[in-house]
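Next comes structure04.tsv, a file with TSV, C-alpha atoms.
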chain	number	residue	atom	x	y	z
Z	1	MET	CA	-6.41	-11.05	-9.53
Z	2	ALA	CA	-10.16	-11.52	-9.11
Z	3	CYS	CA	-9.68	-15.28	-8.72
Z	4	TYR	CA	-7.16	-14.78	-5.93
Z	5	ILE	CA	-9.44	-12.33	-4.14
Z	6	TYR	CA	-12.28	-14.86	-4.39
Z	7	ARG	CA	-10.09	-17.73	-3.14
Z	8	THR	CA	-9.00	-15.81	-0.07
Z	9	SER	CA	-12.34	-14.13	0.65
Z	10	LYS	CA	-12.80	-16.09	3.89
Z	11	GLU	CA	-9.51	-14.79	5.32
Z	12	THR	CA	-9.93	-11.16	4.17
Z	13	ASP	CA	-11.05	-8.56	6.71
Z	14	TYR	CA	-13.30	-6.45	4.48
Z	15	ASN	CA	-14.15	-4.01	7.28
Z	16	THR	CA	-10.48	-2.98	7.47
Z	17	VAL	CA	-10.25	-2.88	3.67
Z	18	PHE	CA	-13.32	-0.63	3.53
Z	19	TRP	CA	-12.03	1.94	6.02
Z	20	MET	CA	-8.51	1.94	4.61
Z	21	GLY	CA	-9.90	2.24	1.07
Z	22	ALA	CA	-12.28	5.06	1.97
Z	23	SER	CA	-9.44	7.01	3.51
Z	24	ALA	CA	-7.15	6.28	0.54
Z	25	VAL	CA	-9.79	7.65	-1.85
Z	26	VAL	CA	-9.66	10.95	0.04
Z	27	PHE	CA	-5.87	11.21	0.50
Z	28	THR	CA	-4.54	9.86	-2.82
Z	29	PRO	CA	-5.52	13.05	-4.72
Z	30	VAL	CA	-3.72	15.07	-2.06
Z	31	GLY	CA	-0.61	12.96	-2.64
Z	32	VAL	CA	-0.86	13.44	-6.41
Z	33	LEU	CA	-1.13	17.18	-5.83
Z	34	VAL	CA	2.00	17.02	-3.64
Z	35	LEU	CA	3.75	15.16	-6.47
Z	36	ARG	CA	2.85	17.89	-8.94
Z	37	LEU	CA	3.97	20.73	-6.67
Z	38	ALA	CA	6.85	19.47	-4.51
Z	39	PRO	CA	10.46	19.24	-5.68
Z	40	GLU	CA	11.44	15.70	-6.62
Z	41	ARG	CA	14.56	15.69	-4.44
Z	42	MET	CA	12.53	16.61	-1.37
Z	43	LEU	CA	10.11	13.73	-2.02
Z	44	MET	CA	12.98	11.29	-2.48
Z	45	LEU	CA	14.56	12.48	0.80
Z	46	ILE	CA	11.30	12.05	2.73
Z	47	VAL	CA	10.72	8.55	1.35
Z	48	SER	CA	14.32	7.53	2.02
Z	49	CYS	CA	14.19	8.76	5.63
Z	50	PHE	CA	10.87	7.00	6.21
Z	51	LEU	CA	12.11	3.66	4.87
Z	52	ILE	CA	15.39	3.88	6.80
Z	53	ALA	CA	13.51	4.73	10.02
Z	54	VAL	CA	11.11	1.79	9.62
Z	55	THR	CA	13.97	-0.59	8.85
Z	56	LEU	CA	16.00	0.58	11.86
Z	57	PHE	CA	12.97	0.25	14.12
Z	58	ASN	CA	12.40	-3.33	12.95
Z	59	LEU	CA	16.05	-4.21	13.44
Z	60	LEU	CA	16.46	-2.60	16.86
Z	61	VAL	CA	13.04	-2.94	18.50
Z	62	GLY	CA	11.18	-5.65	16.63
Z	63	SER	CA	7.85	-5.78	14.89
Z	64	PHE	CA	5.13	-3.18	15.08
Z	65	THR	CA	2.00	-3.95	17.09
Z	66	PHE	CA	-1.22	-2.01	16.61
Z	67	ARG	CA	-4.71	-2.29	17.99
Z	68	GLU	CA	-7.27	-2.95	15.27
Z	69	SER	CA	-9.74	-0.08	15.12
Z	70	ARG	CA	-11.61	2.03	12.62
Z	71	ARG	CA	-9.47	5.07	13.46
Z	72	ASN	CA	-6.21	3.17	12.92
Z	73	SER	CA	-7.51	1.77	9.63
Z	74	VAL	CA	-8.43	5.27	8.45
Z	75	VAL	CA	-5.00	6.63	9.41
Z	76	ALA	CA	-3.16	3.75	7.71
Z	77	GLY	CA	-5.26	4.07	4.57
Z	78	GLY	CA	-4.76	7.82	4.51
Z	79	LEU	CA	-0.99	7.50	4.85
Z	80	SER	CA	-0.98	4.83	2.17
Z	81	GLY	CA	-2.99	7.04	-0.17
Z	82	LEU	CA	-0.86	10.09	0.54
Z	83	THR	CA	2.45	8.31	-0.05
Z	84	GLY	CA	1.00	6.43	-3.02
Z	85	GLY	CA	-0.11	9.63	-4.68
Z	86	ALA	CA	3.08	11.52	-3.89
Z	87	VAL	CA	5.71	8.92	-4.73
Z	88	GLY	CA	3.89	5.80	-5.91
Z	89	LEU	CA	4.86	3.89	-2.78
Z	90	TYR	CA	1.58	2.99	-1.12
Z	91	GLY	CA	2.56	-0.42	0.20
Z	92	PRO	CA	4.72	0.29	3.28
Z	93	PRO	CA	2.17	2.20	5.40
Z	94	ALA	CA	-0.51	-0.38	4.66
Z	95	MET	CA	1.75	-3.37	5.26
Z	96	ILE	CA	3.17	-1.98	8.50
Z	97	TYR	CA	-0.37	-1.56	9.83
Z	98	LEU	CA	-1.76	-4.86	8.54
Z	99	LEU	CA	1.20	-6.91	9.76
Z	100	GLY	CA	0.94	-5.10	13.10
Z	101	ILE	CA	-2.69	-6.05	13.73
Z	102	TYR	CA	-2.87	-9.61	12.38
Z	103	ARG	CA	-0.96	-12.54	13.84
Z	104	ASN	CA	-2.34	-14.91	11.21
Z	105	PRO	CA	-0.23	-14.51	8.03
Z	106	LEU	CA	-3.11	-15.68	5.80
Z	107	VAL	CA	-5.40	-12.91	7.06
Z	108	ALA	CA	-2.64	-10.30	6.75
Z	109	ARG	CA	-1.72	-11.41	3.24
Z	110	SER	CA	-5.24	-11.65	1.85
Z	111	THR	CA	-6.36	-8.36	3.41
Z	112	ALA	CA	-3.20	-6.65	2.13
Z	113	PHE	CA	-3.68	-8.06	-1.36
Z	114	VAL	CA	-7.27	-6.82	-1.58
Z	115	PHE	CA	-6.43	-3.36	-0.20
Z	116	LEU	CA	-3.33	-2.91	-2.35
Z	117	SER	CA	-5.27	-3.98	-5.45
Z	118	VAL	CA	-7.94	-1.40	-4.67
Z	119	GLU	CA	-5.31	1.24	-3.94
Z	120	SER	CA	-3.51	0.60	-7.25
Z	121	LEU	CA	-6.80	1.26	-9.07
Z	122	ILE	CA	-7.39	4.43	-7.03
Z	123	LEU	CA	-3.86	5.59	-7.77
Z	124	GLY	CA	-4.17	4.85	-11.49
Z	125	ALA	CA	-7.44	6.77	-11.68
Z	126	ASN	CA	-5.91	9.75	-9.90
Z	127	TYR	CA	-2.86	9.82	-12.16
Z	128	TRP	CA	-5.17	9.68	-15.16
Z	129	VAL	CA	-7.43	12.45	-13.84
Z	130	TYR	CA	-4.52	14.76	-13.01
Z	131	LYS	CA	-2.83	14.05	-16.36
Z	132	ASN	CA	0.26	13.12	-14.42
Z	133	VAL	CA	1.01	10.00	-16.42
Z	134	HIS	CA	2.58	11.82	-19.38
Z	135	GLY	CA	3.77	14.93	-17.56
Z	136	PRO	CA	7.34	15.94	-16.75
Z	137	ARG	CA	7.56	13.14	-14.20
Z	138	SER	CA	6.60	10.41	-16.64
Z	139	SER	CA	8.58	7.81	-14.69
Z	140	HIS	CA	5.59	7.65	-12.32
Z	141	ARG	CA	3.49	5.98	-15.02
Z	142	TYR	CA	5.13	2.74	-13.91
Z	143	CYS	CA	3.62	3.16	-10.45
Z	144	VAL	CA	0.30	2.08	-11.94
Z	145	ARG	CA	1.53	-0.86	-14.03
Z	146	TYR	CA	3.93	-2.60	-11.68
Z	147	PRO	CA	1.68	-2.96	-8.61
Z	148	LEU	CA	-0.89	-4.70	-10.81
Z	149	TRP	CA	1.80	-6.92	-12.34
Z	150	GLY	CA	3.36	-7.47	-8.91
Z	151	GLY	CA	0.00	-8.64	-7.57
Z	152	HIS	CA	-0.18	-11.21	-10.35
Z	153	VAL	CA	3.33	-12.48	-9.60
Z	154	GLY	CA	2.84	-12.25	-5.82
Z	155	ARG	CA	-0.15	-14.54	-5.81
Z	156	HIS	CA	2.08	-17.31	-7.19
Z	157	ALA	CA	4.83	-16.70	-4.63
Z	158	ARG	CA	5.14	-19.19	-1.83
Z	159	LEU	CA	5.40	-17.82	1.68
Z	160	ASP	CA	7.30	-20.88	2.88
Z	161	ARG	CA	10.37	-19.53	1.06
Z	162	PHE	CA	10.24	-16.59	3.43
Z	163	GLY	CA	9.40	-18.44	6.63
Z	164	GLY	CA	5.59	-18.47	6.34
Z	165	GLY	CA	3.01	-20.90	5.04
Z	166	SER	CA	1.82	-21.23	1.46
Z	167	VAL	CA	-1.55	-19.99	0.25
Transcribe the structure of this file into structure tokens.
Amino acid sequence: MACYIYRTSKETDYNTVFWMGASAVVFTPVGVLVLRLAPERMLMLIVSCFLIAVTLFNLLVGSFTFRESRRNSVVAGGLSGLTGGAVGLYGPPAMIYLLGIYRNPLVARSTAFVFLSVESLILGANYWVYKNVHGPRSSHRYCVRYPLWGGHVGRHARLDRFGGGSV
């Protein structure tokens, strides 16, 4: 993972990563608290509705477009931290924002990889601190392992299979 981050350091927008990461540090514990207190069915319903709404928007309207700003980065990082802590799904808010501000797929991919790597460490630390890993919702322990593993596999994936260029 560190080698990939080093190789793509020229394309990574570290200012965006910083503001998204700072916001995620604040909102991930809130999401973990929501996970501990909210009914599981309610969380699953919220996530399902969110993913269906995003998918329908992309199918009917097209891609998202955002203006790059500190405020937008903080909001995207906060949403990513909140959803990551609550349901272990921190990727969609971050990816929607990053793909909406960058037209260059290399910049979007490298910035996303660095942010999502940082967020997986933040999430793992929060689960450990809140003793949520071995609690009644022990299935969430995989939320820490698989993003790290997925980052390892994802760095070997070729974008040209999906219509983009290869890194």
* Nearby residues (all atoms listed in the file) at most 10 Å from Leu33 (chain Z), same-chain spacing under 4 positions excluded, as a PyMOL selection string -> chain Z and resi 27-29+37-38+82+85-86+126-127+130+132
* To do: For CA of Ile101 (chain Z) and CA of Ala76 (chain Z), quote the distance in Å rounded to one decimal.
  =>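 Going from CA of Ile101 (chain Z) over to CA of Ala76 (chain Z) covers 11.5 Å.
Rounded to one decimal, CA of Val25 (chain Z) and CA of Asp13 (chain Z) lie 18.4 Å from each other.
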* **Proximity to Ile96 (chain Z) - best of Z:Met44, Z:Leu60, Z:Val54, Z:Val75, all atoms listed in the file** =>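 The shortest atom-to-atom distance to Ile96 (chain Z) comes from Z:Val54.
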* Asked: Which value, in Å to one decimal, gives the distance between CA of Cys3 (chain Z) and CA of Val87 (chain Z)?
  ->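 Computing the Euclidean distance for CA of Cys3 (chain Z) and CA of Val87 (chain Z) yields 29.0 Å.
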* Tell me which of Z:Val47, Z:Ala94, Z:Ala53, Z:Leu123 sits closest to Val32 (chain Z), counting only C-alpha atoms. => Z:Leu123
* **Selection near region 68-73 of chain Z, 7 Å with all atoms listed in the file, sequence-local residues under 6 positions removed, as JSON, numbers by chain** => {"Z": [16, 19, 20, 101]}
Mind working out the centre and edge lengths of an axis-aligned box for region 116-129 of chain Z, all listed atoms inside, 4 Å added to each side, rounded to one decimal in Å and written as JSON?
{"center_x": -5.4, "center_y": 4.2, "center_z": -8.8, "size_x": 13.1, "size_y": 24.4, "size_z": 20.8}
